[in-house]
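Q: Coordinates in model_12.txt, compact mmCIF, C-alpha atoms, are listed below.
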```
# COMPACT_ATOMS: atom_id res chain seq x y z
CA MET A 27 -46.20 2.04 -76.24
CA LYS A 28 -47.93 -1.27 -75.48
CA VAL A 29 -48.85 -1.68 -79.15
CA ASN A 30 -45.24 -1.06 -80.18
CA TYR A 31 -44.05 -3.65 -77.64
CA ILE A 32 -46.48 -6.28 -78.97
CA ILE A 33 -45.39 -5.58 -82.55
CA SER A 34 -41.76 -5.90 -81.48
CA GLN A 35 -42.38 -9.29 -79.86
CA VAL A 36 -44.24 -10.55 -82.91
CA LYS A 37 -41.30 -9.56 -85.10
CA ILE A 38 -38.85 -11.33 -82.78
CA ARG A 39 -40.95 -14.50 -82.76
CA PHE A 40 -41.17 -14.37 -86.54
CA VAL A 41 -37.44 -13.99 -87.03
CA SER A 42 -36.79 -16.94 -84.74
CA ILE A 43 -39.08 -19.13 -86.81
CA PHE A 44 -37.63 -17.56 -89.95
CA ILE A 45 -34.08 -18.45 -88.97
CA CYS A 46 -35.12 -22.02 -88.13
CA LEU A 47 -36.83 -22.40 -91.51
CA ILE A 48 -34.45 -20.31 -93.59
CA CYS A 49 -33.33 -23.36 -95.52
CA ILE A 50 -36.58 -23.43 -97.49
CA ALA A 51 -35.58 -20.89 -100.15
CA THR A 52 -31.87 -20.96 -100.92
CA GLY A 53 -29.79 -20.25 -103.99
CA CYS A 54 -27.14 -22.30 -105.70
CA ASN A 55 -25.11 -19.27 -106.73
CA THR A 56 -22.60 -17.52 -104.50
CA PRO A 57 -24.48 -14.63 -102.81
CA ASN A 58 -23.29 -11.06 -102.76
CA VAL A 59 -23.53 -10.22 -99.07
CA THR A 60 -22.18 -7.42 -96.93
CA GLU A 61 -19.75 -8.31 -94.18
CA THR A 62 -21.24 -8.01 -90.69
CA PRO A 63 -19.35 -7.52 -87.41
CA SER A 64 -19.16 -10.22 -84.76
CA HIS A 65 -21.38 -9.57 -81.78
CA PRO A 66 -19.87 -8.47 -78.44
CA GLY A 67 -20.20 -11.69 -76.50
CA VAL A 68 -22.08 -14.91 -75.85
CA PRO A 69 -21.43 -17.01 -72.73
CA GLY A 70 -18.95 -19.77 -73.50
CA PHE A 71 -18.68 -18.78 -77.16
CA ASP A 72 -15.26 -17.88 -78.53
CA TRP A 73 -15.30 -16.99 -82.24
CA GLU A 74 -11.79 -18.42 -82.53
CA ASN A 75 -12.77 -21.73 -80.90
CA ASP A 76 -16.47 -22.58 -81.18
CA PRO A 77 -17.34 -24.94 -78.26
CA LEU A 78 -20.09 -26.57 -80.33
CA GLU A 79 -20.17 -30.36 -79.97
CA VAL A 80 -21.76 -32.83 -82.37
CA THR A 81 -21.30 -36.28 -80.84
CA ILE A 82 -22.54 -39.83 -81.38
CA ASN A 83 -23.96 -41.50 -78.27
CA GLU A 84 -22.27 -44.88 -78.44
CA GLU A 85 -24.26 -46.42 -75.58
CA GLN A 86 -27.76 -45.45 -76.74
CA LEU A 87 -27.30 -45.24 -80.50
CA VAL A 88 -29.85 -46.95 -82.73
CA THR A 89 -29.00 -46.53 -86.40
CA GLY A 90 -30.30 -47.75 -89.71
CA ILE A 91 -27.21 -46.68 -91.67
CA ASP A 92 -23.56 -47.75 -91.63
CA ARG A 93 -21.11 -46.02 -89.34
CA ASP A 94 -18.99 -44.48 -92.09
CA THR A 95 -22.03 -42.65 -93.46
CA LEU A 96 -23.10 -41.59 -89.98
CA ASP A 97 -19.64 -40.12 -89.35
CA LEU A 98 -20.00 -38.06 -92.55
CA ILE A 99 -23.43 -36.83 -91.44
CA ALA A 100 -22.08 -35.83 -88.01
CA LYS A 101 -19.21 -33.92 -89.64
CA ASP A 102 -21.58 -32.04 -91.94
CA MET A 103 -23.94 -31.33 -89.02
CA HIS A 104 -21.05 -29.69 -87.16
CA THR A 105 -20.32 -27.43 -90.13
CA TYR A 106 -24.04 -26.65 -90.53
CA PHE A 107 -24.47 -25.63 -86.89
CA HIS A 108 -21.13 -23.85 -86.59
CA THR A 109 -21.82 -21.59 -89.56
CA MET A 110 -25.27 -20.88 -88.10
CA ASN A 111 -23.69 -19.98 -84.76
CA THR A 112 -21.29 -17.40 -86.15
CA GLY A 113 -23.91 -15.72 -88.31
CA ASP A 114 -21.12 -14.03 -90.24
CA SER A 115 -21.04 -13.36 -93.97
CA ALA A 116 -17.74 -15.21 -94.31
CA ASP A 117 -19.48 -18.42 -93.23
CA TRP A 118 -22.79 -17.82 -95.01
CA VAL A 119 -21.78 -19.42 -98.31
CA THR A 120 -20.52 -22.53 -96.49
CA HIS A 121 -23.75 -22.63 -94.49
CA LEU A 122 -25.75 -22.69 -97.72
CA THR A 123 -23.96 -25.78 -98.98
CA HIS A 124 -25.81 -27.68 -96.24
CA PHE A 125 -29.25 -26.70 -97.51
CA PRO A 126 -31.04 -28.84 -100.14
CA VAL A 127 -30.12 -26.41 -102.90
CA HIS A 128 -30.95 -28.98 -105.56
CA LYS A 129 -34.62 -28.35 -104.72
CA TYR A 130 -34.87 -24.58 -105.01
CA SER A 131 -32.79 -21.67 -106.30
CA ASP A 132 -33.55 -18.00 -105.71
CA THR A 133 -30.51 -15.79 -105.21
CA ALA A 134 -32.60 -12.65 -104.65
CA MET A 135 -34.51 -14.36 -101.83
CA LEU A 136 -31.23 -15.67 -100.42
CA ASN A 137 -29.69 -12.22 -100.15
CA SER A 138 -32.88 -10.92 -98.56
CA GLN A 139 -32.70 -13.66 -95.94
CA PHE A 140 -29.11 -12.84 -95.03
CA THR A 141 -30.03 -9.17 -94.74
CA GLY A 142 -32.78 -10.12 -92.30
CA ILE A 143 -30.47 -12.25 -90.17
CA SER A 144 -27.83 -9.52 -90.16
CA HIS A 145 -30.45 -6.99 -89.04
CA TRP A 146 -31.48 -9.03 -86.01
CA LYS A 147 -27.90 -9.90 -85.16
CA GLU A 148 -27.08 -6.19 -85.06
CA LYS A 149 -30.14 -5.74 -82.85
CA GLY A 150 -28.64 -8.25 -80.42
CA PHE A 151 -30.58 -11.45 -81.18
CA LEU A 152 -28.99 -14.71 -82.34
CA ASN A 153 -29.74 -18.45 -82.33
CA ARG A 154 -26.99 -20.85 -81.27
CA MET A 155 -26.57 -24.61 -81.10
CA GLY A 156 -24.40 -25.71 -78.19
CA LYS A 157 -24.52 -29.48 -78.48
CA SER A 158 -26.15 -32.23 -80.51
CA ASP A 159 -25.69 -35.78 -79.16
CA ILE A 160 -26.90 -38.20 -81.82
CA LYS A 161 -28.94 -41.12 -80.45
CA PHE A 162 -31.18 -42.23 -83.32
CA VAL A 163 -30.65 -42.42 -87.07
CA SER A 164 -33.25 -43.91 -89.38
CA GLY A 165 -32.55 -45.76 -92.56
CA PHE A 166 -32.77 -43.75 -95.78
CA ILE A 167 -36.05 -43.34 -97.60
CA HIS A 168 -35.40 -43.03 -101.34
CA GLU A 169 -37.26 -40.44 -103.37
CA GLU A 170 -36.94 -39.57 -107.04
CA ASP A 171 -33.95 -37.23 -106.74
CA GLN A 172 -32.77 -37.66 -103.15
CA MET A 173 -32.54 -39.91 -100.11
CA VAL A 174 -33.72 -38.72 -96.71
CA ALA A 175 -33.08 -39.89 -93.14
CA ILE A 176 -33.97 -38.41 -89.75
CA ILE A 177 -31.52 -37.71 -86.94
CA GLY A 178 -32.71 -37.76 -83.32
CA SER A 179 -30.41 -35.99 -80.85
CA ASP A 180 -30.28 -34.64 -77.35
CA THR A 181 -29.65 -30.97 -78.04
CA ASP A 182 -28.62 -27.84 -76.17
CA PHE A 183 -30.02 -24.86 -78.08
CA TYR A 184 -29.82 -21.18 -77.13
CA MET A 185 -31.54 -17.96 -78.05
CA ASP A 186 -29.05 -15.26 -77.09
CA PHE A 187 -30.04 -11.70 -76.22
CA LEU A 188 -26.95 -9.55 -76.25
CA PRO A 189 -26.37 -6.40 -74.18
CA ASN A 190 -27.66 -4.13 -76.96
CA PHE A 191 -30.94 -6.07 -77.31
CA GLU A 192 -33.80 -3.68 -76.44
CA GLY A 193 -36.79 -6.06 -76.34
CA ASN A 194 -38.05 -8.35 -73.59
CA PRO A 195 -36.67 -11.91 -73.89
CA GLU A 196 -39.73 -13.16 -72.04
CA GLY A 197 -41.60 -12.79 -75.31
CA MET A 198 -39.70 -15.78 -76.70
CA ARG A 199 -40.98 -18.22 -74.06
CA PHE A 200 -43.81 -19.39 -76.32
CA VAL A 201 -41.54 -19.98 -79.32
CA MET A 202 -39.03 -22.01 -77.32
CA GLY A 203 -41.70 -23.92 -75.43
CA ASP A 204 -43.61 -24.74 -78.59
CA LYS A 205 -40.51 -26.15 -80.27
CA TYR A 206 -38.80 -27.93 -77.37
CA GLY A 207 -41.48 -28.33 -74.69
CA SER A 208 -42.12 -25.88 -71.84
CA ASP A 209 -40.58 -28.26 -69.28
CA ASN A 210 -37.32 -28.37 -71.24
CA ILE A 211 -36.50 -24.65 -71.37
CA THR A 212 -34.93 -22.26 -68.88
CA TYR A 213 -34.20 -18.54 -68.94
CA ASN A 214 -30.77 -17.32 -67.79
CA SER A 215 -29.81 -13.77 -66.86
CA TYR A 216 -26.51 -12.87 -65.23
CA ASN A 217 -23.32 -10.86 -65.63
CA GLU A 218 -19.83 -12.11 -66.42
CA LEU A 219 -16.51 -10.36 -66.91
CA ASP A 220 -15.13 -10.00 -70.41
CA GLU A 221 -11.44 -10.17 -71.36
CA ASN A 222 -11.00 -6.52 -70.35
CA GLY A 223 -12.52 -7.06 -66.91
CA ASP A 224 -15.71 -5.21 -67.80
CA SER A 225 -19.11 -6.55 -66.76
CA LEU A 226 -21.07 -8.09 -69.64
CA GLN A 227 -24.80 -8.77 -69.37
CA ILE A 228 -25.76 -12.31 -70.43
CA ARG A 229 -29.35 -13.28 -71.24
CA ASN A 230 -30.55 -16.37 -73.06
CA TRP A 231 -33.21 -19.02 -73.35
CA HIS A 232 -31.69 -22.50 -73.13
CA ALA A 233 -33.45 -25.64 -74.34
CA HIS A 234 -32.22 -29.12 -73.46
CA ALA A 235 -34.39 -31.66 -75.25
CA TYR A 236 -34.58 -34.53 -77.72
CA SER A 237 -35.11 -33.05 -81.18
CA ASN A 238 -35.02 -34.07 -84.82
CA LEU A 239 -33.25 -32.95 -87.98
CA PHE A 240 -33.77 -34.30 -91.49
CA ALA A 241 -30.58 -35.28 -93.35
CA ILE A 242 -30.74 -35.20 -97.15
CA SER A 243 -28.35 -36.28 -99.88
CA THR A 244 -28.56 -36.68 -103.63
CA TYR A 245 -27.64 -40.04 -105.13
CA ASP A 246 -24.37 -38.83 -106.64
CA SER A 247 -23.00 -37.32 -103.43
CA LEU A 248 -22.33 -38.10 -99.77
CA HIS A 249 -22.49 -34.40 -98.93
CA PHE A 250 -25.43 -33.85 -96.57
CA SER A 251 -27.88 -31.00 -96.25
CA PHE A 252 -30.40 -30.53 -93.45
CA LEU A 253 -33.96 -29.42 -92.76
CA PRO A 254 -35.47 -28.69 -89.34
CA VAL A 255 -38.80 -30.14 -88.24
CA GLY A 256 -41.55 -27.76 -89.35
CA PHE A 257 -39.90 -26.87 -92.66
CA ASN A 258 -43.11 -27.88 -94.46
CA LYS A 259 -44.95 -24.90 -92.93
CA ALA A 260 -42.81 -22.39 -94.81
CA ALA A 261 -43.17 -21.22 -98.39
CA PHE A 262 -42.01 -23.89 -100.83
CA GLY A 263 -41.60 -26.27 -97.89
CA THR A 264 -43.86 -28.92 -99.37
CA ASP A 265 -41.47 -29.21 -102.32
CA MET A 266 -38.54 -30.28 -100.14
CA MET A 267 -39.66 -33.89 -99.62
CA GLU A 268 -42.75 -36.05 -99.93
CA SER A 269 -45.18 -35.78 -97.01
CA THR A 270 -45.27 -39.57 -96.63
CA THR A 271 -41.49 -39.56 -96.24
CA MET A 272 -41.58 -36.84 -93.59
CA LEU A 273 -44.37 -38.50 -91.59
CA SER A 274 -42.75 -41.94 -91.72
CA LEU A 275 -39.42 -40.61 -90.46
CA LEU A 276 -41.03 -38.59 -87.67
CA ARG A 277 -42.95 -41.67 -86.55
CA GLN A 278 -39.75 -43.74 -86.39
CA SER A 279 -38.01 -41.11 -84.27
CA ARG A 280 -40.99 -40.78 -81.91
CA GLU A 281 -41.07 -44.54 -81.42
CA TYR A 282 -37.39 -44.48 -80.43
CA ASP A 283 -37.90 -41.57 -78.05
CA ASN A 284 -40.95 -43.18 -76.41
CA LYS A 285 -38.90 -46.25 -75.59
```
Show this structure as structure tokens.
A:
Amino acid sequence: MKVNYIISQVKIRFVSIFICLICIATGCNTPNVTETPSHPGVPGFDWENDPLEVTINEEQLVTGIDRDTLDLIAKDMHTYFHTMNTGDSADWVTHLTHFPVHKYSDTAMLNSQFTGISHWKEKGFLNRMGKSDIKFVSGFIHEEDQMVAIIGSDTDFYMDFLPNFEGNPEGMRFVMGDKYGSDNITYNSYNELDENGDSLQIRNWHAHAYSNLFAISTYDSLHFSFLPVGFNKAAFGTDMMESTTMLSLLRQSREYDNK
């Protein structure tokens, strides 16, 4: 029993990292995916009206790009996070348009990834972005086929464990702490009433922290795709951008945050 529990926690930790890094191997073609049902409930999340906020902090903003471009990035970030939040097949194709698909194409891998996400969603586990308040934007670094900037935001990120989730959410403490800092995460467990007046168990890890996201665009488009920090650790990750670009952008964001 103990061995099975450990294996279960390892799988959960892997899928969390997998979902965060899923943008590494994506296809340009429209995937053939099976529709998946919406989950029973997440606190504050209404599928008809996603409360996700992507905002620009006017008082603290430091930016190396013009405001019109930043507004486009913020709009695309909202779409990127919203379609991650729903985790539904209807939004999956839209979600993929905000991956750097010009770098890698593998439709078979893409469909496998969606199957994996659908599996864990049905098991009662889902990642969710609640808010991203943009405070720092670097200038673009130009590479051969793309330009890359880094976005620094105060974020509210959740790992939701729905009523049908059978594992122990405590096993995700390390993953959340490693990504956002152990002092910036809290575990919530409570009950709330659903629309029918029935009690619904709510469990989640919540991270409130300054975090980074890489924004990427090709030279012939102002449509932006995104990569999370740590993308380079995944398969094919080193092909997404030059290491000198990544390190330079991370340094700029750290310098802002340290101030």
Q: Might you pull out every residue within 7 Å of range 183-198 of chain A, with only C-alpha atoms counted and same-chain residues fewer than 2 positions away left off, and present them as a PyMOL selection string?
A: chain A and resi 35+39+149-156+181+200-202+227-234
Q: Atoms to include: C-alpha atoms. Write the selected residues as a PDB file, keeping the file's coordinate frame.
A:
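So the final result, stored in selection05.pdb, reads:
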```pdb
ATOM      1  CA  GLN A  35     -42.380  -9.290 -79.860  1.00  0.00           C
ATOM      2  CA  ARG A  39     -40.950 -14.500 -82.760  1.00  0.00           C
ATOM      3  CA  LYS A 149     -30.140  -5.740 -82.850  1.00  0.00           C
ATOM      4  CA  GLY A 150     -28.640  -8.250 -80.420  1.00  0.00           C
ATOM      5  CA  PHE A 151     -30.580 -11.450 -81.180  1.00  0.00           C
ATOM      6  CA  LEU A 152     -28.990 -14.710 -82.340  1.00  0.00           C
ATOM      7  CA  ASN A 153     -29.740 -18.450 -82.330  1.00  0.00           C
ATOM      8  CA  ARG A 154     -26.990 -20.850 -81.270  1.00  0.00           C
ATOM      9  CA  MET A 155     -26.570 -24.610 -81.100  1.00  0.00           C
ATOM     10  CA  GLY A 156     -24.400 -25.710 -78.190  1.00  0.00           C
ATOM     11  CA  THR A 181     -29.650 -30.970 -78.040  1.00  0.00           C
ATOM     12  CA  PHE A 200     -43.810 -19.390 -76.320  1.00  0.00           C
ATOM     13  CA  VAL A 201     -41.540 -19.980 -79.320  1.00  0.00           C
ATOM     14  CA  MET A 202     -39.030 -22.010 -77.320  1.00  0.00           C
ATOM     15  CA  GLN A 227     -24.800  -8.770 -69.370  1.00  0.00           C
ATOM     16  CA  ILE A 228     -25.760 -12.310 -70.430  1.00  0.00           C
ATOM     17  CA  ARG A 229     -29.350 -13.280 -71.240  1.00  0.00           C
ATOM     18  CA  ASN A 230     -30.550 -16.370 -73.060  1.00  0.00           C
ATOM     19  CA  TRP A 231     -33.210 -19.020 -73.350  1.00  0.00           C
ATOM     20  CA  HIS A 232     -31.690 -22.500 -73.130  1.00  0.00           C
ATOM     21  CA  ALA A 233     -33.450 -25.640 -74.340  1.00  0.00           C
ATOM     22  CA  HIS A 234     -32.220 -29.120 -73.460  1.00  0.00           C
TER      23      HIS A 234
END
```
Q: Neighbouring residues of Asp159 in chain A were defined as those with any atom within 8 Å, considering all atoms listed in the file; residues of the same chain fewer than 2 positions away were excluded. Please report them as a PyMOL selection string.
A: chain A and resi 79-83+157+161+179-181
Q: From the options A:Leu248, A:Met110, A:Met103, A:Leu87, which residue's atoms come nearest to Lys147 in chain A, counting all atoms listed in the file?
A: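 Looking at the shortest contact to Lys147 in chain A, the residue is A:Met110.
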Q: Could you list as an MDAnalysis selection string every residue that has an atom within 12 Å of (-42.6, -41.5, -80.2), using the file's coordinates and counting all atoms listed in the file?
A: chainID A and resid 162 178 236:238 273:285
Q: I need the chosen residues saved as a tab-separated table (two decimals), in the frame of the given file, with C-alpha atoms.
A:
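The result, stored in selection-v3.tsv:
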```tsv
chain	number	residue	atom	x	y	z
A	162	PHE	CA	-31.18	-42.23	-83.32
A	178	GLY	CA	-32.71	-37.76	-83.32
A	236	TYR	CA	-34.58	-34.53	-77.72
A	237	SER	CA	-35.11	-33.05	-81.18
A	238	ASN	CA	-35.02	-34.07	-84.82
A	273	LEU	CA	-44.37	-38.50	-91.59
A	274	SER	CA	-42.75	-41.94	-91.72
A	275	LEU	CA	-39.42	-40.61	-90.46
A	276	LEU	CA	-41.03	-38.59	-87.67
A	277	ARG	CA	-42.95	-41.67	-86.55
A	278	GLN	CA	-39.75	-43.74	-86.39
A	279	SER	CA	-38.01	-41.11	-84.27
A	280	ARG	CA	-40.99	-40.78	-81.91
A	281	GLU	CA	-41.07	-44.54	-81.42
A	282	TYR	CA	-37.39	-44.48	-80.43
A	283	ASP	CA	-37.90	-41.57	-78.05
A	284	ASN	CA	-40.95	-43.18	-76.41
A	285	LYS	CA	-38.90	-46.25	-75.59
```
Q: Find the distance between CA of Glu169 in chain A and CA of Glu268 in chain A and write it in Å to one decimal.
A: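 Result for CA of Glu169 in chain A versus CA of Glu268 in chain A: 7.8 Å, one decimal.
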Q: One decimal, Å: what's the distance from CA of Glu221 in chain A over to CA of Thr109 in chain A, could you say?
A: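 Separating CA of Glu221 in chain A from CA of Thr109 in chain A is a distance of 23.9 Å.
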Q: Mind checking which residues fall within 9 Å of His124 in chain A, counting all atoms listed in the file, ignoring those fewer than 2 positions away in the same chain, and posting them as an MDAnalysis selection string?
A: chainID A and resid 49 102:103 105:106 120:122 126:127 249:252
Q: Give the answer as one residue: which of A:Val255, A:Phe125, A:Ile177, A:Lys205 has the shortest atom-to-atom distance to Ile99 in chain A, using all atoms listed in the file?
A: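 Among the listed residues, the smallest separation from Ile99 in chain A belongs to A:Ile177.
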Q: Grab the CA of Val163 in chain A to CA of Leu253 in chain A distance for me, in Å with one decimal place.
A: 14.6 Å
